[in-house]
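Before any comments, here is the structure.
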2 protein chains.
Amino acid sequence: LDTLFVIKIGGNIIDDEQKLRVFLRQFAEIPGKKILVHGGGKLATRVAEAMGIKQEMREGRRITDPETLKVVTMVYAGYINKNIVALLQELNSNAIGISGADGSTILAHKRIHATIDYGMVGDIDKVDTGFLSGLLEKAAVVCAPITHDGNGNLLNTNADTIAQELAKAMSTEYEVNLLYCFEKNGVLTDPANDDSFIPSINVDQFETMKSAGTISEGMIPKLSNAFDALQAGVSKVIIGNALQLKQMLDQQSGTLISK
Amino acid sequence: LDTLFVIKIGGNIIDDEQKLRVFLRQFAEIPGKKILVHGGGKLATRVAEAMGIKQEMREGRRITDPETLKVVTMVYAGYINKNIVALLQELNSNAIGISGADGSTILAHKRIHATIDYGMVGDIDKVDTGFLSGLLEKAAVVCAPITHDGNGNLLNTNADTIAQELAKAMSTEYEVNLLYCFEKNGVLTDPANDDSFIPSINVDQFETMKSAGTISEGMIPKLSNAFDALQAGVSKVIIGNALQLKQMLDQQSGTLISK
C-alpha cells in the first residue's frame with residue numbers, strides 16, 4: 001500500500017504566522033500523499049467578538065449557534081484554509097483546500113446529546129475515500145474542520161476527530177501515518193519538563209500510567225483516540241511538537257503510539 | 001469537444017437565499033461539466049462594518065487593504081463558497097468549492113495602476129486548465145473570486161473577469177458556454193422594460209447600438225468582454241437573468257452574444 005500522512009495542527013500554530021511557516025516548510029518537504037487537518041485558533045473568537053456574537057463554551061466546547069457557525073465557516077474554511085494553501089503554493093507544494101462539504105468528503109449529523117444542545121456541531125457518519133484519493137493524486141489536501149449533513153447545512157466539527165476519522169477511513173486504501181501536532185514534544189512524564197517525552201507508548205503502558213496518575217488529564221482522550229485509530233487499521237500514530245515535524249517523522253521527537 | 005458551462009452569478013442572487021435556491025436548482029440540473037463563479041454580495045460589507053474596517057470605493061471598485069482582504073477571503077472563499085457547495089450537495093449535485101489558490105488554479109499579480117493603489121487586488125496571469133479538468137471529472141466546481149500570486153499572498157479578483165478568463169483558458173479543451181447571470185433578462189433596448197431584451201447581438205449590432213446610445217452604460221464593458229471571450233475561442237456567451245437559467249440554456253431568455 002501507498003503511504004498517506006494525515007497531520008493535524010491546532011490553534012497555537014495557526015495563531016502564530018512565524019510558527020505556521022516553520023511547520024509548513026517541513027510539511028511541504030514530506031514526499032508523497034498528505035492531508036493537513038487544521039483547527040481554528042483564536043481568530044474565530046476575535047471575529048465573533050468584533051461582530052458582537054456572544055460565544056458560549058460548555059464543557060470546553062464552543063456552542064455553535066447559527067451566527068457562530070457563520071463565523072467559523074468564514075474563518076476556518078475561508079481565511080485559515082486559503083492562507084495555508086497560498087503559503088504551501090509559495091513553497092512549491094501544490095495544495096487544495098477543502099471542507100467536508102466539498103466533494104461530500106465528510107458527511108455528518110447534528111450532534112444529539114441528552115442534556116446539552118451544542119448547536120450546529122457535527123458528528124461524522126461517513127468519509128468519501130474515493131473523492132479524497134482522487135484529489136491526493138494531484139495535490140496535498142488541506143481540510144478545514146467544517147462538515148455537512150447532506151441537507152444543505154454546514155456543521156462545526158472537532159479537528160482532532162476529523163483527522164482521526166479521515167485516517168481510519170483512508171486506511172483501507174493506504175498505509176496511514178496519523179500525526180497529532182501540538183505545543184508539547186509528546187506524551188510527557190513531567191508536564192513541566194518538555195524533554196520528558198516518552199518515545200513510545202503501548203496500550204498496556206497507557207493503562208499502567210493512567211492508574212498511577214502519571215499521565216495528564218488532557219492527554220487521556222487524545223491517547224484513547226489514538227489507540228482506537230490503530231485498532232481501526234491506522235498504521236502509526238505519533239503525537240508531538242508541530243515545530244519538530246521532521247524529527248517526528250524521523251522518530252527523533254514525539255511519542256509513537258502502538259498497540 | 002466536450003461541453004463545459006462556465007456560469008457567473010452576482011451579489012443580487014447571493015444575498016437572497018430564496019433566489020439563490022431557485023438558481024441552484026436549475027444549475028444542479030445542467031448535465032455534464034460546469035463551473036459556477038460567484039461574486040461577493042453585501043455580506044462582506046456588513047462583516048467589514050461590524051468589525052470596524054472602513055471600506056473605500058474608487059471608480060466602483062473596492063480598495064482591498066490587508067484587513068479588507070481578510071474579510072473578503074472569509075466571506076467569499078469561506079461563507080458563500082461553502083454554503084453554495086452544501087446547497088448543491090442537498091440537490092444531489094456533487095460540487096467542490098475552490099479559490100484560485102487551490103491547485104494554483106488561478107495565478108495573478110497585484111494590480112499595477114498609474115494613479116490608484118487598489119491594494120490586494122489581483123489581475124490574472126494564468127489558469128491551470130489541467131487541474132480544473134481533473135476536478136470537473138469528479139464534481140461541479142464552485143469558484144470564489146479570490147486568486148493568489150504564488151508568493152503566499154491571496155488577492156481579491158473581479159468575478160466577471162474570473163469567469164471570462166476561466167472560459168477562455170478552458171476553450172482549448174472544451175466547447176465552452178459562458179453565461180453571465182444578473183438581475184435583468186438580457187441586453188435591454190429599454191432599461192425600464194425587462195421584456196425588451198434582445199435575443200441576440202453581434203459585434204456590428206453592438207457598434208451600431210453603442211453609437212446610437214441605445215445601450216446602457218453598464219452593459220458596454222460586459223459586452224466588450226463577451227466579444228473578447230468569443231474572439232479567444234469561447235463558443236457561446238449568454239447574458240441573462242439568474243432566475244431563468246434553464247430558459248437561457250433553451251434560448252428562450254437572455255441575450256446570445258455572437259461574433
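Going through the C-alpha cells in order, the chains are called A, B, and so on, while each chain numbers its residues from 1 and the ligands are numbered from 1 in the order shown.
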* Asked: Any idea which chain B residues end up within 9 Å of chain A if we count only C-alpha atoms, as JSON, numbers by chain please?
  -> {"B": [47, 49, 50, 51, 52, 70, 71, 72, 73, 74, 75, 76, 77, 78, 79, 80, 81, 82, 83, 84, 85, 86, 87, 88, 89, 90, 91, 92, 94, 95, 96, 97, 98, 99, 101, 102, 103, 104, 131, 134, 135, 138, 139, 140, 148, 149, 150, 151, 152, 153, 154]}
With N, CA and C atoms retained, could you export that selection as a short mmCIF file (atom, residue, chain, number, x, y, z; two decimals), in the first residue's frame?
```cif
data_model
loop_
_atom_site.label_atom_id
_atom_site.label_comp_id
_atom_site.auth_asym_id
_atom_site.auth_seq_id
_atom_site.Cartn_x
_atom_site.Cartn_y
_atom_site.Cartn_z
N VAL B 47 -19.85 42.53 7.20
CA VAL B 47 -18.85 42.00 8.13
C VAL B 47 -17.78 43.05 8.38
N GLU B 49 -18.06 46.28 8.18
CA GLU B 49 -18.64 47.34 9.03
C GLU B 49 -18.71 46.88 10.48
N ALA B 50 -19.17 45.64 10.69
CA ALA B 50 -19.30 45.12 12.06
C ALA B 50 -17.93 45.08 12.74
N MET B 51 -16.88 44.80 11.94
CA MET B 51 -15.54 44.70 12.51
C MET B 51 -14.83 46.05 12.54
N GLY B 52 -15.52 47.09 12.11
CA GLY B 52 -14.94 48.42 12.14
C GLY B 52 -13.85 48.64 11.10
N LYS B 70 -8.72 40.16 4.33
CA LYS B 70 -9.09 39.16 5.32
C LYS B 70 -10.60 38.92 5.28
N VAL B 71 -11.35 40.01 5.24
CA VAL B 71 -12.82 39.90 5.24
C VAL B 71 -13.32 39.23 3.96
N VAL B 72 -12.84 39.65 2.81
CA VAL B 72 -13.37 39.06 1.57
C VAL B 72 -12.94 37.60 1.44
N THR B 73 -11.76 37.26 1.94
CA THR B 73 -11.35 35.84 1.93
C THR B 73 -12.29 35.02 2.79
N MET B 74 -12.61 35.53 3.98
CA MET B 74 -13.53 34.83 4.87
C MET B 74 -14.90 34.67 4.23
N VAL B 75 -15.42 35.78 3.70
CA VAL B 75 -16.81 35.79 3.22
C VAL B 75 -16.94 35.06 1.88
N TYR B 76 -16.06 35.38 0.93
CA TYR B 76 -16.20 34.80 -0.41
C TYR B 76 -15.79 33.32 -0.42
N ALA B 77 -14.54 33.05 0.04
CA ALA B 77 -14.00 31.68 -0.07
C ALA B 77 -14.51 30.79 1.06
N GLY B 78 -14.98 31.42 2.15
CA GLY B 78 -15.49 30.65 3.29
C GLY B 78 -17.00 30.55 3.25
N TYR B 79 -17.66 31.59 3.72
CA TYR B 79 -19.10 31.53 3.92
C TYR B 79 -19.89 31.26 2.64
N ILE B 80 -19.70 32.10 1.63
CA ILE B 80 -20.53 31.97 0.42
C ILE B 80 -20.18 30.68 -0.32
N ASN B 81 -18.89 30.43 -0.51
CA ASN B 81 -18.46 29.26 -1.28
C ASN B 81 -18.96 27.97 -0.64
N LYS B 82 -18.76 27.81 0.65
CA LYS B 82 -19.13 26.54 1.30
C LYS B 82 -20.63 26.38 1.42
N ASN B 83 -21.37 27.49 1.58
CA ASN B 83 -22.83 27.36 1.62
C ASN B 83 -23.38 26.95 0.26
N ILE B 84 -22.83 27.48 -0.81
CA ILE B 84 -23.28 27.06 -2.14
C ILE B 84 -22.99 25.57 -2.33
N VAL B 85 -21.80 25.14 -1.93
CA VAL B 85 -21.45 23.71 -2.07
C VAL B 85 -22.43 22.84 -1.27
N ALA B 86 -22.72 23.24 -0.02
CA ALA B 86 -23.63 22.44 0.81
C ALA B 86 -25.03 22.39 0.19
N LEU B 87 -25.49 23.51 -0.38
CA LEU B 87 -26.81 23.54 -1.02
C LEU B 87 -26.83 22.65 -2.26
N LEU B 88 -25.74 22.64 -3.01
CA LEU B 88 -25.68 21.75 -4.18
C LEU B 88 -25.65 20.28 -3.76
N GLN B 89 -24.94 19.97 -2.68
CA GLN B 89 -24.93 18.58 -2.18
C GLN B 89 -26.35 18.15 -1.82
N GLU B 90 -27.11 19.06 -1.21
CA GLU B 90 -28.50 18.75 -0.86
C GLU B 90 -29.30 18.39 -2.11
N LEU B 91 -28.95 19.01 -3.23
CA LEU B 91 -29.64 18.76 -4.51
C LEU B 91 -29.03 17.57 -5.25
N ASN B 92 -28.19 16.80 -4.54
CA ASN B 92 -27.52 15.64 -5.13
C ASN B 92 -26.64 16.00 -6.31
N ASN B 94 -22.98 16.80 -6.88
CA ASN B 94 -21.69 16.85 -6.21
C ASN B 94 -20.92 18.09 -6.66
N ALA B 95 -20.29 18.77 -5.71
CA ALA B 95 -19.61 20.03 -6.01
C ALA B 95 -18.37 20.15 -5.15
N ILE B 96 -17.39 20.85 -5.68
CA ILE B 96 -16.20 21.18 -4.88
C ILE B 96 -15.94 22.67 -5.01
N GLY B 97 -15.77 23.32 -3.88
CA GLY B 97 -15.54 24.76 -3.87
C GLY B 97 -14.06 25.07 -3.83
N ILE B 98 -13.64 25.99 -4.66
CA ILE B 98 -12.23 26.37 -4.70
C ILE B 98 -12.07 27.90 -4.74
N SER B 99 -10.86 28.33 -4.41
CA SER B 99 -10.41 29.67 -4.77
C SER B 99 -9.33 29.48 -5.82
N ALA B 101 -6.31 29.98 -5.45
CA ALA B 101 -5.09 29.45 -4.82
C ALA B 101 -5.10 27.93 -4.81
N ASP B 102 -6.27 27.33 -4.74
CA ASP B 102 -6.38 25.87 -4.66
C ASP B 102 -5.95 25.24 -5.98
N GLY B 103 -4.99 24.34 -5.86
CA GLY B 103 -4.43 23.74 -7.07
C GLY B 103 -3.71 24.76 -7.94
N SER B 104 -3.44 25.92 -7.37
CA SER B 104 -2.88 27.05 -8.13
C SER B 104 -3.68 27.26 -9.41
N PHE B 131 -5.55 21.07 -13.87
CA PHE B 131 -6.08 20.83 -12.53
C PHE B 131 -7.60 20.93 -12.52
N GLY B 134 -9.30 17.97 -14.12
CA GLY B 134 -9.31 16.84 -13.21
C GLY B 134 -10.46 16.92 -12.21
N LEU B 135 -10.67 18.11 -11.65
CA LEU B 135 -11.78 18.30 -10.71
C LEU B 135 -13.13 18.09 -11.40
N LYS B 138 -14.93 14.89 -11.56
CA LYS B 138 -15.50 14.36 -10.31
C LYS B 138 -16.72 15.14 -9.82
N ALA B 139 -16.77 16.43 -10.11
CA ALA B 139 -17.80 17.28 -9.49
C ALA B 139 -17.91 18.61 -10.22
N ALA B 140 -19.02 19.30 -9.97
CA ALA B 140 -19.11 20.69 -10.40
C ALA B 140 -18.13 21.51 -9.56
N HIS B 148 -4.33 33.98 -6.19
CA HIS B 148 -3.09 34.09 -5.41
C HIS B 148 -1.94 34.45 -6.34
N ASP B 149 -0.85 34.91 -5.75
CA ASP B 149 0.27 35.40 -6.56
C ASP B 149 1.47 34.46 -6.59
N GLY B 150 1.34 33.29 -5.96
CA GLY B 150 2.45 32.35 -5.93
C GLY B 150 3.51 32.68 -4.89
N ASN B 151 3.38 33.86 -4.26
CA ASN B 151 4.32 34.25 -3.21
C ASN B 151 3.65 34.27 -1.84
N GLY B 152 2.59 33.48 -1.70
CA GLY B 152 1.94 33.35 -0.41
C GLY B 152 0.83 34.35 -0.16
N ASN B 153 0.55 35.21 -1.15
CA ASN B 153 -0.49 36.22 -0.96
C ASN B 153 -1.77 35.88 -1.72
N LEU B 154 -2.89 36.02 -1.04
CA LEU B 154 -4.19 35.93 -1.69
C LEU B 154 -4.52 37.30 -2.27
#
```
* Asked: Tell me, which residues of stretch 57-104 of chain A carry DSSP helix (DSSP H, G or I), written as a list in words?
  -> Pro66, Glu67, Thr68, Leu69, Lys70, Val71, Val72, Thr73, Met74, Val75, Tyr76, Ala77, Gly78, Tyr79, Ile80, Asn81, Lys82, Asn83, Ile84, Val85, Ala86, Leu87, Leu88, Gln89, Glu90, Asp102, Gly103 and Ser104 of chain A
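Closest approach to A:Leu178 among A:Val237, A:Ala212, A:Ala144, A:Ile220 is made by A:Val237 (distances from only C-alpha atoms).
The spacing separating atom CA of A:Gly40 from atom CA of A:Met57 amounts to 14.7 Å.
With atom CA of B:Leu4 on one side and atom CA of B:Val176 on the other, the separation reads 4.8 Å.
Among A:Gln231, A:Asn185, A:Asn177, A:Thr68, the residue with the shortest atom-to-atom distance to A:Gln247, counting only C-alpha atoms, is A:Asn185.
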* Residue neighbourhood B:Ile9, 9 Å, only C-alpha atoms, exclusion window fewer than 2 positions, as a VMD selection string -> chain B and resid 7 11 to 14 36 to 39 159 to 160 179 to 182 242
Writer output for current selection, all heavy atoms, as a short mmCIF file (atom, residue, chain, number, x, y, z; two decimals), in the first residue's frame:
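The result, stored in out-v9.cif:
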```
data_model
loop_
_atom_site.label_atom_id
_atom_site.label_comp_id
_atom_site.auth_asym_id
_atom_site.auth_seq_id
_atom_site.Cartn_x
_atom_site.Cartn_y
_atom_site.Cartn_z
N ILE B 7 -20.55 29.56 -15.52
CA ILE B 7 -21.70 30.40 -15.19
C ILE B 7 -21.35 31.32 -14.04
O ILE B 7 -20.87 30.88 -13.00
CB ILE B 7 -22.91 29.52 -14.83
CG1 ILE B 7 -23.21 28.57 -16.01
CG2 ILE B 7 -24.12 30.38 -14.44
CD1 ILE B 7 -24.37 27.64 -15.79
N GLY B 11 -23.93 39.37 -6.86
CA GLY B 11 -24.34 39.61 -5.49
C GLY B 11 -25.84 39.60 -5.25
O GLY B 11 -26.31 39.18 -4.19
N ASN B 12 -26.63 40.05 -6.26
CA ASN B 12 -28.06 40.16 -6.02
C ASN B 12 -28.71 38.80 -5.77
O ASN B 12 -29.71 38.69 -5.06
CB ASN B 12 -28.76 40.87 -7.19
CG ASN B 12 -28.74 40.04 -8.46
OD1 ASN B 12 -27.68 39.56 -8.86
ND2 ASN B 12 -29.88 39.84 -9.07
N ILE B 13 -28.12 37.73 -6.35
CA ILE B 13 -28.63 36.37 -6.13
C ILE B 13 -28.07 35.82 -4.83
O ILE B 13 -28.78 35.18 -4.05
CB ILE B 13 -28.20 35.46 -7.31
CG1 ILE B 13 -28.93 35.85 -8.58
CG2 ILE B 13 -28.43 33.99 -7.00
CD1 ILE B 13 -30.42 35.62 -8.53
N ILE B 14 -26.78 36.09 -4.58
CA ILE B 14 -26.12 35.54 -3.40
C ILE B 14 -26.74 36.10 -2.12
O ILE B 14 -26.84 35.40 -1.12
CB ILE B 14 -24.60 35.87 -3.48
CG1 ILE B 14 -23.98 35.04 -4.60
CG2 ILE B 14 -23.91 35.60 -2.15
CD1 ILE B 14 -22.65 35.57 -5.07
N LEU B 36 -19.25 27.13 -11.54
CA LEU B 36 -20.03 28.28 -11.07
C LEU B 36 -19.06 29.27 -10.43
O LEU B 36 -18.36 28.94 -9.46
CB LEU B 36 -21.07 27.81 -10.04
CG LEU B 36 -21.88 28.91 -9.35
CD1 LEU B 36 -22.64 29.76 -10.35
CD2 LEU B 36 -22.87 28.28 -8.35
N VAL B 37 -19.00 30.48 -10.99
CA VAL B 37 -18.17 31.54 -10.39
C VAL B 37 -19.10 32.50 -9.68
O VAL B 37 -20.06 32.99 -10.28
CB VAL B 37 -17.37 32.29 -11.48
CG1 VAL B 37 -16.52 33.39 -10.85
CG2 VAL B 37 -16.51 31.33 -12.30
N HIS B 38 -18.84 32.70 -8.39
CA HIS B 38 -19.74 33.59 -7.65
C HIS B 38 -19.02 34.87 -7.24
O HIS B 38 -17.82 34.87 -6.96
CB HIS B 38 -20.34 32.90 -6.43
CG HIS B 38 -19.33 32.42 -5.43
ND1 HIS B 38 -18.78 33.24 -4.49
CD2 HIS B 38 -18.77 31.19 -5.25
CE1 HIS B 38 -17.94 32.53 -3.76
NE2 HIS B 38 -17.89 31.29 -4.20
N GLY B 39 -19.79 35.94 -7.19
CA GLY B 39 -19.29 37.21 -6.69
C GLY B 39 -19.43 37.26 -5.18
O GLY B 39 -19.51 36.22 -4.53
N ALA B 159 -15.13 38.85 -10.13
CA ALA B 159 -15.72 37.57 -10.51
C ALA B 159 -16.05 37.49 -12.00
O ALA B 159 -15.91 36.43 -12.62
CB ALA B 159 -16.97 37.31 -9.67
N ASP B 160 -16.50 38.60 -12.61
CA ASP B 160 -16.75 38.62 -14.06
C ASP B 160 -15.48 38.26 -14.81
O ASP B 160 -15.50 37.48 -15.77
CB ASP B 160 -17.19 40.02 -14.52
CG ASP B 160 -18.67 40.29 -14.28
OD1 ASP B 160 -19.32 39.48 -13.59
OD2 ASP B 160 -19.16 41.33 -14.78
N LEU B 179 -21.97 31.89 -19.37
CA LEU B 179 -23.23 32.57 -19.04
C LEU B 179 -23.02 33.57 -17.92
O LEU B 179 -22.53 33.21 -16.84
CB LEU B 179 -24.30 31.55 -18.60
CG LEU B 179 -24.98 30.76 -19.72
CD1 LEU B 179 -24.10 29.63 -20.21
CD2 LEU B 179 -26.33 30.22 -19.26
N TYR B 180 -23.38 34.82 -18.19
CA TYR B 180 -23.36 35.85 -17.16
C TYR B 180 -24.78 36.04 -16.66
O TYR B 180 -25.65 36.48 -17.43
CB TYR B 180 -22.84 37.18 -17.71
CG TYR B 180 -21.35 37.20 -17.89
CD1 TYR B 180 -20.77 37.11 -19.15
CD2 TYR B 180 -20.51 37.31 -16.78
CE1 TYR B 180 -19.39 37.13 -19.31
CE2 TYR B 180 -19.13 37.33 -16.93
CZ TYR B 180 -18.58 37.24 -18.20
OH TYR B 180 -17.22 37.26 -18.35
N CYS B 181 -25.01 35.68 -15.39
CA CYS B 181 -26.36 35.81 -14.83
C CYS B 181 -26.42 37.05 -13.96
O CYS B 181 -25.61 37.23 -13.06
CB CYS B 181 -26.69 34.59 -13.97
SG CYS B 181 -26.74 33.08 -14.95
N PHE B 182 -27.41 37.89 -14.22
CA PHE B 182 -27.61 39.06 -13.37
C PHE B 182 -29.10 39.29 -13.16
O PHE B 182 -29.89 38.34 -13.28
CB PHE B 182 -26.81 40.25 -13.88
CG PHE B 182 -27.24 40.86 -15.18
CD1 PHE B 182 -27.11 42.23 -15.40
CD2 PHE B 182 -27.76 40.09 -16.21
CE1 PHE B 182 -27.48 42.81 -16.59
CE2 PHE B 182 -28.14 40.66 -17.41
CZ PHE B 182 -28.01 42.03 -17.59
N ALA B 242 -30.55 35.29 -13.70
CA ALA B 242 -30.15 34.10 -12.94
C ALA B 242 -31.35 33.22 -12.59
O ALA B 242 -31.21 32.00 -12.45
CB ALA B 242 -29.45 34.53 -11.65
#
```
* Asked: Which residue out of B:Ile257, B:Leu249, B:Met120, B:Ile53 has the minimum interatomic distance to B:Ser235 when only C-alpha atoms are used?
  -> B:Ile257
* Could you jot down the atom CA of A:Glu207 to atom CA of A:Glu165 separation for me, Å, one decimal place? => 23.5 Å
